[in-house]
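Colleague: This is input_19.pdb (PDB, C-alpha atoms, pLDDT in the B column).
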ATOM      1  CA  MET A 496     -21.442  23.351 -12.322  1.00 47.00           C
ATOM      2  CA  SER A 497     -24.669  24.946 -13.621  1.00 52.00           C
ATOM      3  CA  LYS A 498     -24.796  26.982 -10.412  1.00 56.00           C
ATOM      4  CA  TYR A 499     -21.760  28.890 -11.698  1.00 48.00           C
ATOM      5  CA  GLY A 500     -22.842  29.147 -15.311  1.00 51.00           C
ATOM      6  CA  GLY A 501     -20.178  26.677 -16.392  1.00 56.00           C
ATOM      7  CA  SER A 502     -17.336  28.757 -14.947  1.00 72.00           C
ATOM      8  CA  ILE A 503     -14.753  26.561 -13.223  1.00 81.00           C
ATOM      9  CA  HIS A 504     -13.028  29.663 -11.869  1.00 81.00           C
ATOM     10  CA  ARG A 505     -16.163  30.860 -10.099  1.00 82.00           C
ATOM     11  CA  ALA A 506     -16.650  27.398  -8.645  1.00 85.00           C
ATOM     12  CA  MET A 507     -13.055  27.357  -7.385  1.00 86.00           C
ATOM     13  CA  ASP A 508     -13.375  30.849  -5.896  1.00 87.00           C
ATOM     14  CA  ASP A 509     -16.547  29.872  -4.070  1.00 87.00           C
ATOM     15  CA  ASN A 510     -15.029  26.608  -2.857  1.00 88.00           C
ATOM     16  CA  SER A 511     -11.942  28.396  -1.514  1.00 88.00           C
ATOM     17  CA  LEU A 512     -14.150  30.270   0.980  1.00 89.00           C
ATOM     18  CA  ARG A 513     -15.028  27.005   2.727  1.00 92.00           C
ATOM     19  CA  LYS A 514     -13.030  25.161   5.353  1.00 94.00           C
ATOM     20  CA  CYS A 515     -11.315  21.860   4.648  1.00 95.00           C
ATOM     21  CA  LYS A 516     -13.612  18.856   5.198  1.00 93.00           C
ATOM     22  CA  LEU A 517     -11.156  17.440   7.721  1.00 91.00           C
ATOM     23  CA  SER A 518     -12.553  18.630  11.051  1.00 89.00           C
ATOM     24  CA  SER A 519      -9.110  19.136  12.609  1.00 90.00           C
ATOM     25  CA  CYS A 520      -7.951  21.395   9.749  1.00 94.00           C
ATOM     26  CA  GLN A 521      -8.625  25.127   9.576  1.00 93.00           C
ATOM     27  CA  GLU A 522      -7.245  25.681   6.084  1.00 94.00           C
ATOM     28  CA  ARG A 523      -9.441  26.645   3.117  1.00 94.00           C
ATOM     29  CA  ARG A 524     -10.404  24.217   0.401  1.00 94.00           C
ATOM     30  CA  TRP A 525      -8.222  23.899  -2.681  1.00 92.00           C
ATOM     31  CA  ARG A 526      -9.576  24.291  -6.211  1.00 91.00           C
ATOM     32  CA  ILE A 527     -12.775  22.200  -6.396  1.00 90.00           C
ATOM     33  CA  SER A 528     -11.643  19.691  -3.773  1.00 92.00           C
ATOM     34  CA  GLY A 529     -13.423  19.268  -0.465  1.00 94.00           C
ATOM     35  CA  TYR A 530     -10.025  19.429   1.219  1.00 95.00           C
ATOM     36  CA  CYS A 531      -7.214  21.954   1.539  1.00 96.00           C
ATOM     37  CA  LYS A 532      -4.178  21.591  -0.729  1.00 95.00           C
ATOM     38  CA  ASN A 533      -2.175  19.331   1.606  1.00 95.00           C
ATOM     39  CA  HIS A 534      -5.056  17.023   2.474  1.00 96.00           C
ATOM     40  CA  SER A 535      -6.210  16.936  -1.146  1.00 95.00           C
ATOM     41  CA  HIS A 536      -2.750  15.694  -2.094  1.00 95.00           C
ATOM     42  CA  GLY A 537      -3.065  13.083   0.647  1.00 95.00           C
ATOM     43  CA  VAL A 538      -6.222  11.743  -1.004  1.00 95.00           C
ATOM     44  CA  GLN A 539      -4.711  11.901  -4.481  1.00 95.00           C
ATOM     45  CA  ASN A 540      -1.404  10.248  -3.577  1.00 95.00           C
ATOM     46  CA  TRP A 541      -2.315   7.952  -0.699  1.00 96.00           C
ATOM     47  CA  GLY A 542      -6.101   7.433  -0.746  1.00 95.00           C
ATOM     48  CA  HIS A 543      -6.788   9.349   2.477  1.00 95.00           C
ATOM     49  CA  PRO A 544      -6.504  13.026   3.501  1.00 95.00           C
ATOM     50  CA  MET A 545      -4.048  12.060   6.263  1.00 94.00           C
ATOM     51  CA  GLY A 546      -2.362   9.443   4.090  1.00 94.00           C
ATOM     52  CA  HIS A 547       1.404   9.146   3.841  1.00 94.00           C
ATOM     53  CA  ASN A 548       4.090   6.579   3.197  1.00 94.00           C
ATOM     54  CA  ILE A 549       5.074   4.197   5.993  1.00 95.00           C
ATOM     55  CA  PRO A 550       8.868   4.179   6.465  1.00 94.00           C
ATOM     56  CA  ASP A 551      10.532   0.801   5.974  1.00 94.00           C
ATOM     57  CA  ARG A 552      11.905   0.918   9.516  1.00 95.00           C
ATOM     58  CA  ASP A 553       8.354   1.014  10.902  1.00 94.00           C
ATOM     59  CA  LEU A 554       7.563  -2.197   9.032  1.00 95.00           C
ATOM     60  CA  THR A 555      10.621  -4.113  10.291  1.00 96.00           C
ATOM     61  CA  ILE A 556       8.851  -6.106  12.999  1.00 95.00           C
ATOM     62  CA  ALA A 557       5.845  -6.870  10.788  1.00 96.00           C
ATOM     63  CA  PHE A 558       8.163  -7.877   7.927  1.00 97.00           C
ATOM     64  CA  ASP A 559      10.084 -10.293  10.143  1.00 97.00           C
ATOM     65  CA  GLN A 560       6.856 -11.837  11.445  1.00 97.00           C
ATOM     66  CA  VAL A 561       5.266 -12.445   8.049  1.00 98.00           C
ATOM     67  CA  SER A 562       8.591 -13.619   6.593  1.00 98.00           C
ATOM     68  CA  ALA A 563       8.818 -16.347   9.244  1.00 97.00           C
ATOM     69  CA  VAL A 564       5.321 -17.594   8.368  1.00 97.00           C
ATOM     70  CA  ILE A 565       5.874 -17.400   4.601  1.00 98.00           C
ATOM     71  CA  ASP A 566       9.281 -19.116   4.719  1.00 97.00           C
ATOM     72  CA  LYS A 567       7.862 -21.937   6.839  1.00 97.00           C
ATOM     73  CA  ASN A 568       5.002 -22.435   4.348  1.00 97.00           C
ATOM     74  CA  ARG A 569       6.832 -22.247   1.009  1.00 95.00           C
ATOM     75  CA  ASN A 570       4.908 -25.289  -0.261  1.00 96.00           C
ATOM     76  CA  HIS A 571       1.499 -23.932   0.754  1.00 97.00           C
ATOM     77  CA  LYS A 572      -0.698 -23.686  -2.348  1.00 97.00           C
ATOM     78  CA  GLY A 573      -1.710 -20.131  -1.488  1.00 97.00           C
ATOM     79  CA  ILE A 574       1.915 -19.007  -1.136  1.00 98.00           C
ATOM     80  CA  GLN A 575       2.776 -20.652  -4.443  1.00 98.00           C
ATOM     81  CA  GLU A 576      -0.206 -19.048  -6.167  1.00 98.00           C
ATOM     82  CA  ALA A 577       0.781 -15.627  -4.821  1.00 98.00           C
ATOM     83  CA  THR A 578       4.373 -15.889  -6.036  1.00 98.00           C
ATOM     84  CA  ARG A 579       3.041 -17.069  -9.401  1.00 98.00           C
ATOM     85  CA  PHE A 580       0.712 -14.039  -9.470  1.00 98.00           C
ATOM     86  CA  PHE A 581       3.619 -11.618  -9.047  1.00 98.00           C
ATOM     87  CA  GLN A 582       5.732 -13.479 -11.592  1.00 98.00           C
ATOM     88  CA  ILE A 583       2.936 -13.446 -14.181  1.00 98.00           C
ATOM     89  CA  TRP A 584       2.257  -9.759 -13.475  1.00 98.00           C
ATOM     90  CA  MET A 585       5.893  -8.877 -14.112  1.00 98.00           C
ATOM     91  CA  SER A 586       6.275 -11.056 -17.204  1.00 97.00           C
ATOM     92  CA  SER A 587       2.969  -9.821 -18.674  1.00 97.00           C
ATOM     93  CA  ALA A 588       4.039  -6.246 -18.003  1.00 97.00           C
ATOM     94  CA  ASN A 589       7.288  -6.919 -19.822  1.00 96.00           C
ATOM     95  CA  LEU A 590       5.329  -7.967 -22.912  1.00 96.00           C
ATOM     96  CA  GLN A 591       2.762  -5.176 -22.673  1.00 95.00           C
ATOM     97  CA  ALA A 592       4.897  -2.222 -21.550  1.00 90.00           C
ATOM     98  CA  SER A 593       4.966  -0.662 -25.019  1.00 90.00           C
ATOM     99  CA  MET A 594       1.234  -1.106 -25.596  1.00 92.00           C
ATOM    100  CA  GLU A 595      -1.014   1.947 -25.491  1.00 90.00           C
ATOM    101  CA  ARG A 596      -3.451   0.171 -23.175  1.00 92.00           C
ATOM    102  CA  PRO A 597      -1.759  -2.657 -21.260  1.00 94.00           C
ATOM    103  CA  GLN A 598      -4.002  -5.292 -19.702  1.00 95.00           C
ATOM    104  CA  VAL A 599      -2.122  -5.238 -16.383  1.00 96.00           C
ATOM    105  CA  PRO A 600      -1.748  -2.143 -14.160  1.00 95.00           C
ATOM    106  CA  THR A 601       1.499  -0.138 -13.984  1.00 95.00           C
ATOM    107  CA  ALA A 602       2.947  -2.209 -16.834  1.00 95.00           C
ATOM    108  CA  ARG A 603       5.936   0.024 -17.559  1.00 92.00           C
ATOM    109  CA  HIS A 604       7.022   0.020 -13.937  1.00 94.00           C
ATOM    110  CA  MET A 605       6.438  -3.706 -13.403  1.00 96.00           C
ATOM    111  CA  ALA A 606       8.420  -4.441 -16.573  1.00 95.00           C
ATOM    112  CA  ARG A 607      11.429  -2.887 -14.876  1.00 93.00           C
ATOM    113  CA  LEU A 608      10.963  -5.262 -11.939  1.00 96.00           C
ATOM    114  CA  TYR A 609      10.940  -8.110 -14.458  1.00 96.00           C
ATOM    115  CA  ASP A 610      14.182  -6.863 -16.002  1.00 95.00           C
ATOM    116  CA  ALA A 611      15.755  -6.613 -12.559  1.00 94.00           C
ATOM    117  CA  LYS A 612      14.688 -10.211 -11.759  1.00 96.00           C
ATOM    118  CA  VAL A 613      12.957  -9.130  -8.551  1.00 97.00           C
ATOM    119  CA  ASN A 614      12.037 -12.112  -6.377  1.00 97.00           C
ATOM    120  CA  PRO A 615       8.215 -12.522  -6.268  1.00 98.00           C
ATOM    121  CA  LEU A 616       8.515 -13.841  -2.711  1.00 98.00           C
ATOM    122  CA  ASP A 617      10.004 -10.509  -1.608  1.00 98.00           C
ATOM    123  CA  LEU A 618       7.010  -8.708  -3.123  1.00 98.00           C
ATOM    124  CA  LEU A 619       4.630 -10.990  -1.230  1.00 98.00           C
ATOM    125  CA  LYS A 620       6.477 -10.407   2.039  1.00 98.00           C
ATOM    126  CA  VAL A 621       6.401  -6.637   1.772  1.00 98.00           C
ATOM    127  CA  CYS A 622       2.682  -6.645   0.920  1.00 98.00           C
ATOM    128  CA  ALA A 623       1.904  -8.932   3.857  1.00 98.00           C
ATOM    129  CA  SER A 624       3.944  -6.730   6.192  1.00 98.00           C
ATOM    130  CA  VAL A 625       1.936  -3.660   5.165  1.00 97.00           C
ATOM    131  CA  TRP A 626      -1.315  -5.574   5.698  1.00 97.00           C
ATOM    132  CA  LEU A 627      -0.167  -6.750   9.148  1.00 97.00           C
ATOM    133  CA  PHE A 628       0.951  -3.251  10.118  1.00 96.00           C
ATOM    134  CA  TYR A 629      -2.477  -1.915   9.117  1.00 95.00           C
ATOM    135  CA  SER A 630      -4.297  -4.665  11.002  1.00 92.00           C
ATOM    136  CA  MET A 631      -2.339  -4.018  14.203  1.00 88.00           C
ATOM    137  CA  ASN A 632      -2.421  -0.214  14.060  1.00 80.00           C
ATOM    138  CA  LEU A 633      -6.041   0.558  13.138  1.00 64.00           C
ATOM    139  CA  LYS A 634      -6.418   3.048  16.001  1.00 55.00           C
ATOM    140  CA  SER A 635      -2.982   4.588  15.705  1.00 58.00           C
ATOM    141  CA  SER A 636      -2.763   8.180  14.514  1.00 62.00           C
ATOM    142  CA  ASP A 637       0.627   7.274  13.071  1.00 75.00           C
ATOM    143  CA  GLY A 638      -0.542   4.229  11.158  1.00 89.00           C
ATOM    144  CA  ILE A 639      -2.554   3.486   8.046  1.00 94.00           C
ATOM    145  CA  TYR A 640      -5.907   5.248   8.027  1.00 93.00           C
ATOM    146  CA  SER A 641      -8.100   3.295   5.621  1.00 93.00           C
ATOM    147  CA  ASP A 642      -8.295   0.375   3.214  1.00 95.00           C
ATOM    148  CA  GLU A 643      -7.481   2.654   0.290  1.00 96.00           C
ATOM    149  CA  HIS A 644      -4.498   4.093   2.169  1.00 96.00           C
ATOM    150  CA  CYS A 645      -3.337   0.507   2.822  1.00 96.00           C
ATOM    151  CA  ARG A 646      -3.651  -0.354  -0.868  1.00 97.00           C
ATOM    152  CA  ALA A 647      -1.677   2.755  -1.843  1.00 97.00           C
ATOM    153  CA  VAL A 648       1.132   1.885   0.580  1.00 97.00           C
ATOM    154  CA  MET A 649       1.249  -1.699  -0.719  1.00 98.00           C
ATOM    155  CA  GLY A 650       1.407  -0.451  -4.290  1.00 97.00           C
ATOM    156  CA  HIS A 651       4.137   1.998  -3.341  1.00 97.00           C
ATOM    157  CA  LYS A 652       6.245  -0.647  -1.616  1.00 97.00           C
ATOM    158  CA  VAL A 653       6.002  -3.008  -4.588  1.00 97.00           C
ATOM    159  CA  LEU A 654       6.839  -0.300  -7.141  1.00 95.00           C
ATOM    160  CA  LYS A 655       9.690   0.847  -4.909  1.00 93.00           C
ATOM    161  CA  PHE A 656      11.560  -2.280  -6.001  1.00 94.00           C
ATOM    162  CA  ILE A 657      12.155  -0.534  -9.327  1.00 88.00           C
ATOM    163  CA  PRO A 658      15.944  -0.167  -9.677  1.00 82.00           C
ATOM    164  CA  ILE A 659      17.062   3.388 -10.389  1.00 75.00           C
ATOM    165  CA  THR A 660      20.711   4.061 -11.173  1.00 67.00           C
ATOM    166  CA  LYS A 661      22.440   7.242 -10.094  1.00 63.00           C
ATOM    167  CA  HIS A 662      22.558   8.755 -13.581  1.00 58.00           C
ATOM    168  CA  GLU A 663      19.184   7.530 -14.776  1.00 57.00           C
ATOM    169  CA  TYR A 664      15.960   9.528 -14.724  1.00 60.00           C
ATOM    170  CA  ILE A 665      12.658   7.722 -14.472  1.00 65.00           C
ATOM    171  CA  ARG A 666       9.306   9.209 -13.632  1.00 73.00           C
ATOM    172  CA  ARG A 667       8.243   7.906 -10.235  1.00 81.00           C
ATOM    173  CA  PRO A 668       4.899   6.107  -9.947  1.00 88.00           C
ATOM    174  CA  SER A 669       1.973   8.484  -9.378  1.00 93.00           C
ATOM    175  CA  GLY A 670      -0.593   8.198  -6.616  1.00 94.00           C
ATOM    176  CA  LYS A 671      -3.048   6.833  -9.160  1.00 95.00           C
ATOM    177  CA  GLN A 672      -0.589   4.116 -10.146  1.00 95.00           C
ATOM    178  CA  ARG A 673       0.163   3.230  -6.512  1.00 95.00           C
ATOM    179  CA  LYS A 674      -3.532   2.790  -5.772  1.00 97.00           C
ATOM    180  CA  ALA A 675      -4.124   0.828  -8.982  1.00 97.00           C
ATOM    181  CA  ALA A 676      -1.302  -1.559  -8.093  1.00 97.00           C
ATOM    182  CA  GLY A 677      -2.602  -1.927  -4.537  1.00 98.00           C
ATOM    183  CA  ARG A 678      -6.142  -2.697  -5.703  1.00 98.00           C
ATOM    184  CA  TYR A 679      -4.804  -5.301  -8.128  1.00 98.00           C
ATOM    185  CA  ILE A 680      -2.834  -6.943  -5.322  1.00 98.00           C
ATOM    186  CA  GLN A 681      -5.783  -7.019  -2.930  1.00 98.00           C
ATOM    187  CA  LYS A 682      -8.143  -8.356  -5.578  1.00 97.00           C
ATOM    188  CA  SER A 683      -5.719 -11.107  -6.573  1.00 98.00           C
ATOM    189  CA  ILE A 684      -4.184 -12.275  -3.267  1.00 98.00           C
ATOM    190  CA  GLY A 685      -6.170 -10.493  -0.556  1.00 97.00           C
ATOM    191  CA  THR A 686      -7.458 -13.777   0.907  1.00 98.00           C
ATOM    192  CA  LEU A 687      -3.912 -15.046   1.370  1.00 98.00           C
ATOM    193  CA  LEU A 688      -2.787 -11.771   2.967  1.00 98.00           C
ATOM    194  CA  VAL A 689      -5.614 -12.065   5.503  1.00 97.00           C
ATOM    195  CA  ASN A 690      -4.602 -15.688   6.159  1.00 98.00           C
ATOM    196  CA  ILE A 691      -0.968 -14.717   6.767  1.00 98.00           C
ATOM    197  CA  VAL A 692      -1.941 -11.891   9.126  1.00 97.00           C
ATOM    198  CA  GLU A 693      -4.317 -14.118  11.099  1.00 97.00           C
ATOM    199  CA  THR A 694      -1.588 -16.749  11.412  1.00 97.00           C
ATOM    200  CA  VAL A 695       0.887 -14.184  12.752  1.00 97.00           C
ATOM    201  CA  MET A 696      -1.669 -12.973  15.287  1.00 94.00           C
ATOM    202  CA  LYS A 697      -2.394 -16.543  16.447  1.00 95.00           C
ATOM    203  CA  LEU A 698       1.332 -17.104  16.965  1.00 93.00           C
ATOM    204  CA  GLU A 699       1.550 -13.926  19.022  1.00 90.00           C
ATOM    205  CA  GLU A 700      -1.432 -15.034  21.118  1.00 91.00           C
ATOM    206  CA  ARG A 701       0.280 -18.376  21.802  1.00 92.00           C
ATOM    207  CA  LYS A 702       3.456 -16.599  22.868  1.00 89.00           C
ATOM    208  CA  GLN A 703       1.487 -14.424  25.261  1.00 90.00           C
ATOM    209  CA  SER A 704      -0.358 -17.448  26.644  1.00 91.00           C
ATOM    210  CA  ARG A 705       2.944 -19.198  27.309  1.00 90.00           C
ATOM    211  CA  LEU A 706       4.324 -16.134  29.058  1.00 90.00           C
ATOM    212  CA  ILE A 707       1.215 -15.897  31.240  1.00 91.00           C
ATOM    213  CA  ALA A 708       1.465 -19.606  32.082  1.00 92.00           C
ATOM    214  CA  MET A 709       5.127 -19.293  33.037  1.00 92.00           C
ATOM    215  CA  GLY A 710       4.338 -16.334  35.235  1.00 91.00           C
ATOM    216  CA  SER A 711       1.398 -17.960  37.007  1.00 90.00           C
ATOM    217  CA  GLU A 712       1.675 -18.644  40.725  1.00 90.00           C
ATOM    218  CA  LEU A 713       3.445 -21.838  41.805  1.00 90.00           C
ATOM    219  CA  GLU A 714       2.486 -24.025  44.757  1.00 89.00           C
ATOM    220  CA  ILE A 715       4.448 -23.444  47.945  1.00 87.00           C
TER     221      ILE A 715
END
Could you take the file, read its structure, and then write that structure out as structure tokens?

Modeller:
Amino acid sequence: MSKYGGSIHRAMDDNSLRKCKLSSCQERRWRISGYCKNHSHGVQNWGHPMGHNIPDRDLTIAFDQVSAVIDKNRNHKGIQEATRFFQIWMSSANLQASMERPQVPTARHMARLYDAKVNPLDLLKVCASVWLFYSMNLKSSDGIYSDEHCRAVMGHKVLKFIPITKHEYIRRPSGKQRKAAGRYIQKSIGTLLVNIVETVMKLEERKQSRLIAMGSELEI
């Protein structure tokens, strides 16, 4: 900032003469960001300049796959710990929602999930489906672009369980809150999410192996 004598406006004017850091974009940078306005919002809201939400319909296959594994392993200690994590998060949020500095992230939003009696198992399934989608679409231009983007989408999907009635106004979770929720999820149950995804992939490999075996040449 000393280069501009402490003037934020001069810094913004100078920055606006430069191209967006994203090589495929020809737009000028926005304010003091290294990106143009659209891509800066992508970073702010989704953790990546190309970040965006993943529609629920795109997660359908992944959701069905992780649900089958989770439902079959209800008594697995990791599954039980994960559902307990979500339940404790919601109940703690319910107690801390009115605090100036809650100990858990997105407390006010998670308190609403608690009030709505959201099933912790559903929260686990949607998080695992996002993680699987990311793992299987790493090279897709239509997928999830980075770990931080993945965390933001997970946070968004969990907070999307907040019930909103037709005549009720509630401020939607911000990008910062989405990412905070996603980081909390990864930190707390990331090992289990990896385990679930690896299990789904092993099942898919077995299916492919069986198909190859059935299609192999028979003796004549």

Colleague: Counting only C-alpha atoms, what are the residues of segment 659-689 of chain A within 10 Å of segment 532-540 of chain A, and for each of them which pair of atoms is the nearest and at what distance in Å, to one decimal? Sort the table by chain and rising number, as JSON lines.

Modeller:
{"residue": "A:Pro668", "atom": "CA", "partner": "A:Asn540", "partner_atom": "CA", "distance": 9.9}
{"residue": "A:Ser669", "atom": "CA", "partner": "A:Asn540", "partner_atom": "CA", "distance": 6.9}
{"residue": "A:Gly670", "atom": "CA", "partner": "A:Asn540", "partner_atom": "CA", "distance": 3.8}
{"residue": "A:Lys671", "atom": "CA", "partner": "A:Asn540", "partner_atom": "CA", "distance": 6.7}
{"residue": "A:Gln672", "atom": "CA", "partner": "A:Asn540", "partner_atom": "CA", "distance": 9.0}
{"residue": "A:Arg673", "atom": "CA", "partner": "A:Asn540", "partner_atom": "CA", "distance": 7.8}
{"residue": "A:Lys674", "atom": "CA", "partner": "A:Asn540", "partner_atom": "CA", "distance": 8.1}

Colleague: How about saving the chosen residues, C-alpha atoms kept, as a compact mmCIF listing (two decimals), keeping the file's coordinate frame?

Modeller:
# COMPACT_ATOMS: atom_id res chain seq x y z
CA PRO A 668 4.90 6.11 -9.95
CA SER A 669 1.97 8.48 -9.38
CA GLY A 670 -0.59 8.20 -6.62
CA LYS A 671 -3.05 6.83 -9.16
CA GLN A 672 -0.59 4.12 -10.15
CA ARG A 673 0.16 3.23 -6.51
CA LYS A 674 -3.53 2.79 -5.77

Colleague: For the file shown, report as a list of chain:residue names the outcome of the PyMOL selection byres ((chain A and resi 508-524) around 12) at residue level.

Modeller: A:Met496, A:Lys498, A:Tyr499, A:Ser502, A:Ile503, A:His504, A:Arg505, A:Ala506, A:Met507, A:Trp525, A:Arg526, A:Ile527, A:Ser528, A:Gly529, A:Tyr530, A:Cys531, A:Lys532, A:Asn533, A:His534, A:Ser535, A:His536, A:Gly537, A:Val538, A:His543, A:Pro544, A:Met545

Colleague: Nearest to Ser630 of chain A: which of A:Leu608, A:Cys645, A:Ala675, A:Ala708 is it, counting only C-alpha atoms?

Modeller: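 When distances to Ser630 of chain A are compared using only C-alpha atoms, the smallest one comes from A:Cys645.
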
Colleague: Kindly resolve the PyMOL selection byres ((chain A and resi 603) around 12) on the present coordinates and return the residues as a PyMOL selection string.

Modeller: chain A and resi 584-602+604-610+654+657+665-668+672

Colleague: As JSON, please: the centre and edge lengths in Å, to one decimal, of an axis-aligned box enclosing every listed atom of segment 702-712 of chain A with 3 Å added on each side.

Modeller:
{"center_x": 2.4, "center_y": -17.0, "center_z": 31.8, "size_x": 11.5, "size_y": 11.2, "size_z": 23.9}

Colleague: Skipping near chain neighbours, those fewer than 5 positions away, what residues fall within 8 Å of Leu687 of chain A using only C-alpha atoms, listed as number ranges by chain?

Modeller: A: 573-574, 577

Colleague: Point out the residue among A:Glu576, A:Asp566, A:Asp642, A:Asp637 with the least atom-to-atom distance to Ile549 of chain A, counting all atoms listed in the file.

Modeller: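 Closest to Ile549 of chain A, using all atoms listed in the file: A:Asp637.
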
Colleague: What is the distance, in Å and to one decimal place, between atom CA of Ile556 of chain A and atom CA of Val695 of chain A?

Modeller: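 Answer for the atom CA of Ile556 of chain A to atom CA of Val695 of chain A separation: 11.3 Å.
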
Colleague: For this structure, which residues satisfy the selection - the PyMOL selection byres ((chain A and resi 648) around 12) - when it is evaluated on the file as given? I want them as a PyMOL selection string.

Modeller: chain A and resi 537+540-543+546-551+554+621-626+628-629+638-647+649-655+668-678+680-681

Colleague: So what do you get for atom CA of Asn690 of chain A versus atom CA of Ile707 of chain A, distance-wise?

Modeller: 25.7 Å

Colleague: Which is closest to Thr578 of chain A among A:Val561, A:Ile684, A:Leu713, A:Val692, if we use all atoms listed in the file?

Modeller: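 Closest candidate: A:Ile684.
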
Colleague: Pick from A:Lys572, A:Lys620, A:Arg705, A:Gln582: nearest to Gln560 of chain A, with all atoms listed in the file counted?

Modeller: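 Comparing A:Lys572, A:Lys620, A:Arg705, A:Gln582 against Gln560 of chain A, the winner is A:Lys620.
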
Colleague: How many Å lie between atom CA of Arg569 of chain A and atom CA of Pro658 of chain A, rounded to one decimal?

Modeller: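 Answer for the atom CA of Arg569 of chain A to atom CA of Pro658 of chain A separation: 26.2 Å.
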
Colleague: Would you mind completing segment 701-713 of chain A to N, CA, C and O atoms and writing the output as a PDB file, keeping the file's coordinate frame?

Modeller:
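Here's the written file part_27.pdb:
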ATOM      1  N   ARG A 701      -0.321 -17.210  21.159  1.00 92.00           N
ATOM      2  CA  ARG A 701       0.280 -18.376  21.802  1.00 92.00           C
ATOM      3  C   ARG A 701       1.486 -17.977  22.641  1.00 92.00           C
ATOM      4  O   ARG A 701       1.690 -18.491  23.750  1.00 92.00           O
ATOM      5  N   LYS A 702       2.294 -17.074  22.113  1.00 89.00           N
ATOM      6  CA  LYS A 702       3.456 -16.599  22.868  1.00 89.00           C
ATOM      7  C   LYS A 702       3.017 -15.930  24.160  1.00 89.00           C
ATOM      8  O   LYS A 702       3.602 -16.161  25.230  1.00 89.00           O
ATOM      9  N   GLN A 703       1.987 -15.108  24.070  1.00 90.00           N
ATOM     10  CA  GLN A 703       1.487 -14.424  25.261  1.00 90.00           C
ATOM     11  C   GLN A 703       0.917 -15.414  26.261  1.00 90.00           C
ATOM     12  O   GLN A 703       1.117 -15.269  27.477  1.00 90.00           O
ATOM     13  N   SER A 704       0.212 -16.424  25.757  1.00 91.00           N
ATOM     14  CA  SER A 704      -0.358 -17.448  26.644  1.00 91.00           C
ATOM     15  C   SER A 704       0.741 -18.198  27.375  1.00 91.00           C
ATOM     16  O   SER A 704       0.620 -18.502  28.575  1.00 91.00           O
ATOM     17  N   ARG A 705       1.827 -18.503  26.673  1.00 90.00           N
ATOM     18  CA  ARG A 705       2.944 -19.198  27.309  1.00 90.00           C
ATOM     19  C   ARG A 705       3.594 -18.333  28.379  1.00 90.00           C
ATOM     20  O   ARG A 705       3.948 -18.813  29.455  1.00 90.00           O
ATOM     21  N   LEU A 706       3.725 -17.046  28.085  1.00 90.00           N
ATOM     22  CA  LEU A 706       4.324 -16.134  29.058  1.00 90.00           C
ATOM     23  C   LEU A 706       3.452 -16.031  30.311  1.00 90.00           C
ATOM     24  O   LEU A 706       3.966 -16.011  31.438  1.00 90.00           O
ATOM     25  N   ILE A 707       2.138 -15.971  30.094  1.00 91.00           N
ATOM     26  CA  ILE A 707       1.215 -15.897  31.240  1.00 91.00           C
ATOM     27  C   ILE A 707       1.303 -17.174  32.071  1.00 91.00           C
ATOM     28  O   ILE A 707       1.322 -17.151  33.296  1.00 91.00           O
ATOM     29  N   ALA A 708       1.367 -18.315  31.374  1.00 92.00           N
ATOM     30  CA  ALA A 708       1.465 -19.606  32.082  1.00 92.00           C
ATOM     31  C   ALA A 708       2.756 -19.691  32.902  1.00 92.00           C
ATOM     32  O   ALA A 708       2.747 -20.160  34.043  1.00 92.00           O
ATOM     33  N   MET A 709       3.852 -19.234  32.324  1.00 92.00           N
ATOM     34  CA  MET A 709       5.127 -19.293  33.037  1.00 92.00           C
ATOM     35  C   MET A 709       5.159 -18.346  34.231  1.00 92.00           C
ATOM     36  O   MET A 709       5.883 -18.563  35.207  1.00 92.00           O
ATOM     37  N   GLY A 710       4.361 -17.304  34.141  1.00 91.00           N
ATOM     38  CA  GLY A 710       4.338 -16.334  35.235  1.00 91.00           C
ATOM     39  C   GLY A 710       3.258 -16.588  36.261  1.00 91.00           C
ATOM     40  O   GLY A 710       3.122 -15.848  37.231  1.00 91.00           O
ATOM     41  N   SER A 711       2.476 -17.662  36.063  1.00 90.00           N
ATOM     42  CA  SER A 711       1.398 -17.960  37.007  1.00 90.00           C
ATOM     43  C   SER A 711       1.986 -18.455  38.340  1.00 90.00           C
ATOM     44  O   SER A 711       3.095 -18.987  38.417  1.00 90.00           O
ATOM     45  N   GLU A 712       1.196 -18.324  39.376  1.00 90.00           N
ATOM     46  CA  GLU A 712       1.675 -18.644  40.725  1.00 90.00           C
ATOM     47  C   GLU A 712       1.944 -20.149  40.886  1.00 90.00           C
ATOM     48  O   GLU A 712       1.180 -20.991  40.423  1.00 90.00           O
ATOM     49  N   LEU A 713       3.066 -20.454  41.548  1.00 90.00           N
ATOM     50  CA  LEU A 713       3.445 -21.838  41.805  1.00 90.00           C
ATOM     51  C   LEU A 713       3.014 -22.246  43.221  1.00 90.00           C
ATOM     52  O   LEU A 713       2.855 -21.395  44.106  1.00 90.00           O
TER      53      LEU A 713
END
